[in-house]
Amino acid sequence: MTNADFDILIIGGGMVGASLGVALAPLPLRVGLIEAVEFESAAQPSYDDRSVALSYGSKRIFEGLGVWNRLEARGATAIQRIHISDCGHFGFARLDAREAAVAALGYVVENRALGHALKPALAETKNLTVICPASVEDVAFAESATTVTFRRGDKLETLSARLVVAADGGFSPVRNMAGIETRRTDYHQTALVTNVTPELPHRNVAYERFTASGPLAFLPMSENRCAVVWSLSPEKAEALLALDAAPFMAALQEQFGTRLGRLLKVGKRAAYPLALTRVSEHTRPRLVLIGNAAHTVHPVAGQGFNLGLRDVAVLAQVLNEAQRTGRDIGELAVLADYAAWRKRDNLAISTFTDGLVRTFSNDLTPVSFLRNLGLVTVDLFPPAKRALLRLSMGLAGRLPRLARGLPL
Ligand SMILES: Cc1cc2nc3c(=O)[nH]c(=O)nc-3n(C[C@H](O)[C@H](O)[C@H](O)COP(=O)(O)OP(=O)(O)OC[C@H]3O[C@@H](n4cnc5c(N)ncnc54)[C@H](O)[C@@H]3O)c2cc1C
């Protein structure tokens, strides 16, 4: 044992890091969390104007964390059906909650609502100290502890921990300081994000429409709004961002069609460059990467945060088991259990989302024929539909206890 300041120090209190802070509440460990930007700040990069599609499995994890009631109170909206189509082609597939015998396949939650739900949950966590705003500037690894240097106001301070968890996002400064090799593949696409109010009720249907300009998602939200994620070439996205509301809605309507009637109102618009990020190592002695620090995927199937939340549930379980059996939570052998468990899920989701983007942005006739055949197969062939249902519900592969609805 060491006399480190903390057992675990989480760097980054975004959606994934904050969820881990709450998930570690039952463990008899001293946990610290350092976050650069105040949770309610307009500049907060995680709890911003986006919405996130939470899978059924993620809902279970949040139930286990005691956060779900707060998300429900903040307008979490059920996705009861998913409609996938290839604009201008014959194929489409439909997924229905009734086929999976659940009330909803997933839920749409505003990122800001996640911030509002996680912040009080962190405050109620007795073994946790939140240091915010404070930005980590250096990390030094030694055999028994990792030392973190951070700036709070105009002062530099240091803290040590038996285990540092990097949850500091896609450009993870901690990952870079550790010199972990990262492969970033630019999609040369920008996600234009907004919300719209259509004329007709959305009836809790999520639409994923593959258009010639890129995938376009309409996700059901509270107050009959739909969260829009439209992936486009950076030039096209820039041009659309510059438009006034009426011509923007006309351009969006042209791609989406009239299945929800006319688009009546549009919210704030924002843009995000898209890339696939893979890292060579998820763990080092006394360091583990989770969430976007460990992987970024295309938002096409709404999987990135769900993947990160499963990182949280698995890590909390592995650390719980390690401390219960008297093992050192920062040793590589313990962290290797975590990394081995997460490898398959990570690979499956990144391959699935990357494959979708590449297949649906290929205009060659045989490719377009085959992908439409694929959609029809999913729609009509029950085993294919079941496989897609399990994946989109976050129930594929080996699940951690929290995702199975069990306590840690
Ligand atoms: C357009 C779009 C739509 C998406 N839709 C979905 C969806 O529907 N479903 C889904 O599952 N996923 C979705 N995602 C993915 C999801 O947004 C990410 O997976 C998620 O935000 C990752 O959370 P994170 O906490 O790992 O990282 P981040 O959200 O990037 O948070 C990192 C945190 O670390 C802090 N930080 C950074 N550096 C430091 C430092 N040096 N010191 C201290 N703190 C630091 C930051 O301030 C931030 O709060 C979408 C992504 C995009 C771009």
# chains A, B, ... in the order shown; residues from 1 in each chain; ligands from 1
$ select_by_dssp --residues "range 50-208 of chain A" --states "strand (DSSP E)" --output "JSON, numbers by chain"
{"A": [51, 52, 53, 54, 55, 77, 78, 79, 81, 82, 83, 84, 85, 86, 92, 93, 94, 95, 96, 106, 107, 108, 109, 110, 128, 129, 130, 131, 135, 136, 137, 138, 139, 140, 141, 146, 147, 148, 149, 150, 151, 152, 155, 156, 157, 158, 159, 160, 161, 162, 163, 164, 165, 166, 182, 183, 184, 185, 186, 187, 188, 189, 190, 191, 192, 193, 194, 195, 196, 197, 198, 205, 206, 207, 208]}
$ residues_around --residues "Pro201 in chain A" --least-positions-apart "3" --cutoff "8 Å" --atoms "only C-alpha atoms" --output "PyMOL selection string"
chain A and resi 198+224+260
$ closest_residue --among "A:Asp96, A:Asp7, A:Asp48, A:Glu281" --to "ligand 1" --atoms "only C-alpha atoms and all ligand atoms"
A:Asp48
$ residues_around --residues "range 323-333 of chain A" --least-positions-apart "5" --cutoff "8 Å" --atoms "only C-alpha atoms" --output "compact mmCIF listing (two decimals) with N, CA, C and O atoms, in the first residue's frame"
# COMPACT_ATOMS: atom_id res chain seq x y z
N MET A 1 0.83 -1.21 0.00
CA MET A 1 0.00 0.00 0.00
C MET A 1 0.87 1.26 0.00
O MET A 1 1.98 1.24 0.51
N ARG A 162 -3.24 5.93 -6.48
CA ARG A 162 -2.80 4.57 -6.85
C ARG A 162 -3.22 4.25 -8.28
O ARG A 162 -2.61 3.45 -8.95
N LEU A 163 -4.30 4.88 -8.71
CA LEU A 163 -4.77 4.66 -10.09
C LEU A 163 -5.33 5.97 -10.65
O LEU A 163 -6.15 6.62 -10.00
N THR A 283 -4.52 0.52 -21.08
CA THR A 283 -4.03 0.55 -19.70
C THR A 283 -2.51 0.60 -19.68
O THR A 283 -1.85 0.13 -20.61
N ARG A 284 -2.01 1.16 -18.64
CA ARG A 284 -0.60 1.13 -18.27
C ARG A 284 -0.61 0.90 -16.76
O ARG A 284 -1.63 1.14 -16.13
N PRO A 285 0.50 0.51 -16.14
CA PRO A 285 0.45 0.43 -14.69
C PRO A 285 0.01 1.78 -14.12
O PRO A 285 0.52 2.83 -14.53
N ARG A 286 -1.01 1.78 -13.28
CA ARG A 286 -1.54 2.97 -12.59
C ARG A 286 -2.24 3.97 -13.52
O ARG A 286 -2.40 5.14 -13.21
N LEU A 287 -2.64 3.49 -14.71
CA LEU A 287 -3.39 4.35 -15.64
C LEU A 287 -4.38 3.51 -16.44
O LEU A 287 -4.05 2.42 -16.91
$ closest_residue --among "A:Asp186, A:Glu199, A:Glu254, A:Asp49" --to "Val229 in chain A" --atoms "only C-alpha atoms"
A:Asp49
$ closest_residue --among "A:Glu143, A:Glu181, A:Glu238, A:Asp311" --to "ligand 1" --atoms "only C-alpha atoms and all ligand atoms"
A:Asp311
